[in-house]
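Note sheet for the following structure.
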Amino acid sequence: MNRSINVIFVMIALSALVVSSACSRDKSKPGREFMADTDMYRNPKVKTYEASNLFSDGTSARLPEEGTVPRGYTTYNKPNTNEAYFASLEKKGYPDIAPKKNEANLKEGERLYIRFCNNCHGVKGDGNGNLVEQGKFAGVPTYDSQRLPDITPQSIFHVITHGKGVMGSHAAQIQSADRWRIVQYVLSLRAELDGVEVEDDQVEDEAVSEDDSEETEG
Amino acid sequence: MNKQRFFYRLLIGLFFASSVVFAQDEADLPGDPDNGKKIFNAQCGACHKLDKKMVGPALGGVADKYSMDWIIAWTQDNAALRASGDKDAIAIFEEYNGAIMPAFPNLSEQDIKDIVAYTIVGDKKKAPAGDAASADGVAAASDDRSSGSNIWVTLGLSFFLIVLIAILAKVKNTLKVIKGEPTSTLLDDASVFTRVAVRNQKVIAVVTLVVAVFLLQQLYWGLMSIGVEEGYQPEQPIAFSHALHAGENQIDCQYCHYGAEKGKHSNIPSANVCMNCHTYVQEGSKYGEKEIDKIYAAVGFDRETSSYIEGYEQKPIKWVRIHNLPDLAYFSHAQHVNAGNIECQTCHGPVEEMEVLYQYSPLTMGWCINCHRESEVDVENNGYYEEVHAKMKEKHNTDKVTVDMIGGLECGKCHY
């Protein structure tokens with residue numbers, strides 16, 4: 001009598017185990033939704049990054065209209081050429097469009113430097129970032145004035161914007177005002193590596209966005 | 001010059017004497033390859049590799065193509081060499097579409113000879129390191145979250161139990177035969193048990209209760225999981241590993257997802273962000289060239305020449321979206337990252353350990369509300385609202401201001 005009850009329990013426990021494991025969800029599928037097609041839960045609107053037949057290239061993401069500049073953005077129309085890079089080496093100081101040199105901007109520059117540059121260029125700017133130390137990257141220059149004697153704020157800005165060598169353009173990731181803040185911090189690292197005070201660069205009158213703009217970042 | 005030559009011979013002699021492994025090659029080498037490797041990694045590696053074209057040409061075998069004097073002249077100031085009308089220099093400049101190599105006046109002749117020595121010797125010690133890396137990769141691969149194997153474990157156990165029952169029945173029958181009693185099959189036994197059980201009301205009651213509880217629980221879980229996609233782990237078009245990029249390489253989340261602090265949406269990085277590193281890193285530690293080739297196919301990058309293909313029709317990479325918040329709820333990343341100062345991992349979990357990304361949080365309303373009740377608002381140094389904040393603390397009888405006190409539970413905050 002007792003034995004038969006035991007057997008029944010074993011059978012039930014066994015079937016429960018099988019059923020519950022068989023019902024476990026397939027993690028590669030998003031799962032069930034209740035009346036998801038109603039307007040409340042899933043609007044029939046185009047979501048970020050969604051494919052769309054509205055445009056010939058099949059994506060819903062659009063570029064800004066040519067010749068327009070989004071609010072809060074500035075343009076940088078120096079092309080990615082050797083000539084433009086050498087020209088930026090000739091210009092001393094910051095353009096007046098750059099954020100002022102002060103403690104707050106320098107601190108923000110540091111925060112962004114740690115996020116966007118640190119992995120290769122290193123905390124001290126000596127080219128020994130953690131990716132270099134792991135041997136995944138090589139040849140990252142130190143910022144000191146022996147290795148890079150000619151760099152100026154504008155050339156650093158040019159390189160962040162367009163990249164140089166195997167370094168890619170960071171214009172999409174870092175907005176132009178933030179790039180100037182990083183320039184401030186890079187120069188403070190350079191001064192530290194050289195063991196000198198940061199020189200008080202004079203603000204140059206020529207604005208970077210003076211010419212007619214051809215391309216818009218962002 | 002003679003003195004220098006003597007010194008350089010002496011250096012090689014010393015090296016020759018001290019070295020065992022490379023003894024054969026050392027005699028012909030122009031310098032110290034170990035020192036050359038150091039300089040190469042610090043100064044040249046950004047644009048040159050030994051065996052592959054990068055921004056500049058592959059440097060392996062450079063000593064066979066050009067004379068040592070030419071290499072020294074080129075490295076120290078290639079612009080001057082080109083200006084002097086050297087044909088080789090102009091040819092190589094034009095082959096690389098006028099990509100300018102900076103002058104390296106700081107490198108002494110001996111430094112450059114060391115580098116050339118390194119380009120001759122190459123990375124002999126590289127091979128074992130590569131093996132170790134791939135072994136790590138395999139170990140990591142088998143460490144994936146494996147929910148699919150559970151069902152096989154269960155089936156295996158069930159089969160084992162059935163076999164066990166059959167064996168026991170056989171043993172029982174054998175014993176009965178020895179005792180001289182009539183044998184019974186497994187089915188006979190089962191029907192006897194069932195008949196006894198069906199006649200017994202207590203058994204019926206217990207079985208009904210168990211079955212009912214089980215079904216209700218399944219029903220409850222089923223209903224509660226509607227619209228909750230916690231654990232969703234779709235297969236992505238590229239086997240991108242957050243464990244490698246965010247974990248091992250320690251790349252900041254917002255290096256790629258830089259939109260999180262700027263707007264509502266935390267962006268999926270466009271392929272140019274991938275290319276910031278993968279112009280240089282052309283081989284993965286786990287999948288080799290296979291997965292990185294998918295980025296190259298999207299943007300039109302030729303791995304042979306390390307350059308973009310002109311006129312290539314670029315294709316977007318179709319990543320599968322994991323976090324699908326219903327459209328009836330509004331959520332802004334910028335607010336949570338900037339004002340809330342919340343770590344990405346608070347909601348997204350230990351992404352830096354995820355080989356394949358999955359949804360960590362349930363994204364249910366209860367989950368949102370709970371966090372809004374518990375999260376403290378930083379009201380320090382906000383003199384203008386000091387009085388208001390003091391009154392809030394008094395009203396709620398607590399010493400901290402939480403999100404719900406400043407309207408974090410209002411319906412219209414998220415639903416409008």
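The chains in the structure tokens are called A, B, ... from first to last as shown; in each chain the residues are counted from 1, and the ligands are counted from 1 in the order shown.
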
Proximity of chain B to chain A: per-residue shortest pair, 8 Å limit, only C-alpha atoms, as a Markdown table:
```
| residue | atom | partner | partner_atom | distance |
| --- | --- | --- | --- | --- |
| B:Phe40 | CA | A:Gly139 | CA | 7.0 |
| B:Asn41 | CA | A:Gly139 | CA | 4.9 |
| B:Ala42 | CA | A:Gly139 | CA | 4.2 |
| B:Gln43 | CA | A:Gly139 | CA | 4.7 |
| B:Cys44 | CA | A:Gly139 | CA | 5.3 |
| B:Gly45 | CA | A:Gly139 | CA | 4.0 |
| B:Ala46 | CA | A:Gly139 | CA | 4.1 |
| B:Cys47 | CA | A:Gly165 | CA | 5.9 |
| B:Met54 | CA | A:Val166 | CA | 7.9 |
| B:Val55 | CA | A:Gly165 | CA | 6.0 |
| B:Ala99 | CA | A:Asn82 | CA | 7.5 |
| B:Ile100 | CA | A:Asn82 | CA | 7.2 |
| B:Asn106 | CA | A:Arg147 | CA | 7.8 |
| B:Asn150 | CA | A:Ser21 | CA | 7.3 |
| B:Ile151 | CA | A:Ser21 | CA | 6.1 |
| B:Thr154 | CA | A:Val18 | CA | 6.6 |
| B:Leu155 | CA | A:Val18 | CA | 7.5 |
| B:Ser158 | CA | A:Leu14 | CA | 7.5 |
| B:Phe193 | CA | A:Ser4 | CA | 5.4 |
| B:Thr194 | CA | A:Ser4 | CA | 7.9 |
| B:Val196 | CA | A:Met1 | CA | 7.4 |
| B:Ala197 | CA | A:Ser4 | CA | 7.0 |
| B:Val203 | CA | A:Ile5 | CA | 6.8 |
| B:Phe214 | CA | A:Ala16 | CA | 7.8 |
| B:Ser225 | CA | A:Arg32 | CA | 7.4 |
| B:Ile226 | CA | A:Arg32 | CA | 5.1 |
| B:Gly227 | CA | A:Glu33 | CA | 4.4 |
| B:Val228 | CA | A:Gly31 | CA | 7.2 |
| B:Glu229 | CA | A:Pro30 | CA | 5.7 |
| B:Gly231 | CA | A:Lys27 | CA | 6.3 |
| B:Tyr232 | CA | A:Lys27 | CA | 5.0 |
| B:Gln233 | CA | A:Ser28 | CA | 5.0 |
| B:Pro234 | CA | A:Ser28 | CA | 4.1 |
| B:Glu235 | CA | A:Ser28 | CA | 6.6 |
| B:Asn249 | CA | A:Leu131 | CA | 6.4 |
| B:Gln250 | CA | A:Asn119 | CA | 7.6 |
| B:Ile251 | CA | A:Asn119 | CA | 6.6 |
| B:Asp252 | CA | A:Arg115 | CA | 5.7 |
| B:Gln254 | CA | A:Arg115 | CA | 7.1 |
| B:Tyr255 | CA | A:Phe116 | CA | 5.6 |
| B:Cys256 | CA | A:Gln173 | CA | 7.7 |
| B:Tyr258 | CA | A:Gln173 | CA | 6.0 |
| B:His265 | CA | A:Thr48 | CA | 7.9 |
| B:Asn272 | CA | A:Gly168 | CA | 7.8 |
| B:Val273 | CA | A:His170 | CA | 7.9 |
| B:Met275 | CA | A:Gly168 | CA | 7.0 |
| B:Asn276 | CA | A:Gly168 | CA | 4.4 |
| B:Cys277 | CA | A:Met167 | CA | 7.5 |
| B:Thr279 | CA | A:Val166 | CA | 6.3 |
| B:Tyr280 | CA | A:Val166 | CA | 6.2 |
| B:Val281 | CA | A:Lys136 | CA | 7.2 |
| B:Ile322 | CA | A:Pro30 | CA | 7.9 |
| B:Pro326 | CA | A:Tyr41 | CA | 5.1 |
| B:Asp327 | CA | A:Tyr41 | CA | 5.3 |
| B:Leu328 | CA | A:Met40 | CA | 5.5 |
```

Exercise. Might you pull out every residue within 7 Å of Val401 in chain B, with only C-alpha atoms counted and same-chain residues fewer than 4 positions away left off, and present them as a PyMOL selection string?
Key: chain B and resi 376-377+393+405

Output N, CA and C atoms for every residue in the selection just made, as a PDB file, in the first residue's frame.
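This went into again_22.pdb:
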```
ATOM      1  N   GLU B 376      18.971  57.008  -4.446  1.00  0.00           N
ATOM      2  CA  GLU B 376      19.083  58.285  -3.770  1.00  0.00           C
ATOM      3  C   GLU B 376      19.443  59.366  -4.787  1.00  0.00           C
ATOM      4  N   VAL B 377      18.874  60.554  -4.602  1.00  0.00           N
ATOM      5  CA  VAL B 377      19.206  61.671  -5.480  1.00  0.00           C
ATOM      6  C   VAL B 377      20.297  62.491  -4.813  1.00  0.00           C
ATOM      7  N   LYS B 393      12.461  65.719   2.973  1.00  0.00           N
ATOM      8  CA  LYS B 393      12.969  64.774   3.962  1.00  0.00           C
ATOM      9  C   LYS B 393      12.063  64.733   5.176  1.00  0.00           C
ATOM     10  N   MET B 405      10.465  60.630  -4.534  1.00  0.00           N
ATOM     11  CA  MET B 405      10.041  61.871  -3.883  1.00  0.00           C
ATOM     12  C   MET B 405      10.019  63.043  -4.847  1.00  0.00           C
TER      13      MET B 405
END
```

Practice problem: Name the residues of range 10-204 of chain A that fall into strand (DSSP E or B) according to DSSP on the backbone, using the chain letters and numbers of this document, as a PyMOL selection string. | Solution: chain A and resi 51+59+95+164+167+204

Selected residues, C-alpha atoms, written as a short mmCIF file (atom, residue, chain, number, x, y, z; two decimals), in the first residue's frame, please.
```cif
data_model
loop_
_atom_site.label_atom_id
_atom_site.label_comp_id
_atom_site.auth_asym_id
_atom_site.auth_seq_id
_atom_site.Cartn_x
_atom_site.Cartn_y
_atom_site.Cartn_z
CA ALA A 51 15.18 48.78 -41.63
CA THR A 59 17.83 52.05 -43.53
CA PRO A 95 41.08 79.13 -32.29
CA LYS A 164 46.48 59.50 -38.57
CA MET A 167 44.40 55.71 -35.71
CA GLU A 204 44.30 82.91 -32.36
#
```

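The gap separating CA of Arg321 in chain B from CA of Lys264 in chain B is 15.6 Å, in Å to one decimal.
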
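CA of Leu89 in chain A is found 17.8 Å from CA of Val198 in chain A.
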
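Omitting Asp111 in chain B and its sequence neighbours fewer than 2 positions away, and counting only C-alpha atoms, the residues within 8 Å are Asn35, Gly36, Ile39, Leu107, Ser108, Glu109, Lys113, Asp114 and Ile115 of chain B.
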
How about saving the chosen residues, C-alpha atoms kept, as an mmCIF file, in the first residue's frame?
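Saved to part_29.cif:
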```cif
data_model
loop_
_atom_site.group_PDB
_atom_site.id
_atom_site.type_symbol
_atom_site.label_atom_id
_atom_site.label_comp_id
_atom_site.auth_asym_id
_atom_site.auth_seq_id
_atom_site.Cartn_x
_atom_site.Cartn_y
_atom_site.Cartn_z
ATOM 1 C CA ASN B 35 66.795 46.325 -28.983
ATOM 2 C CA GLY B 36 65.454 46.688 -32.513
ATOM 3 C CA ILE B 39 62.330 50.490 -30.941
ATOM 4 C CA LEU B 107 67.065 57.434 -34.238
ATOM 5 C CA SER B 108 70.816 56.910 -34.442
ATOM 6 C CA GLU B 109 72.389 54.807 -37.164
ATOM 7 C CA LYS B 113 70.586 48.912 -37.771
ATOM 8 C CA ASP B 114 69.026 47.255 -34.724
ATOM 9 C CA ILE B 115 65.605 47.661 -36.256
#
```

Practice problem: Determine which residues of range 1-215 of chain A receive a DSSP assignment of alpha helix (DSSP H), computed from the backbone, and state them as a PyMOL selection string. | Solution: chain A and resi 2-22+82-90+103-116+118-121+130-133+153-162+176-194

Practice problem: Fewer than 4 positions away in the same chain doesn't count, so skip those; otherwise give me all residues within 9 Å of Lys100 in chain A, counting only C-alpha atoms, as a list in words. | Solution: Asp96, Asn105 and Arg181 of chain A

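Counting from CA of Lys124 in chain A, the distance to CA of Leu193 in chain A is 7.7 Å.
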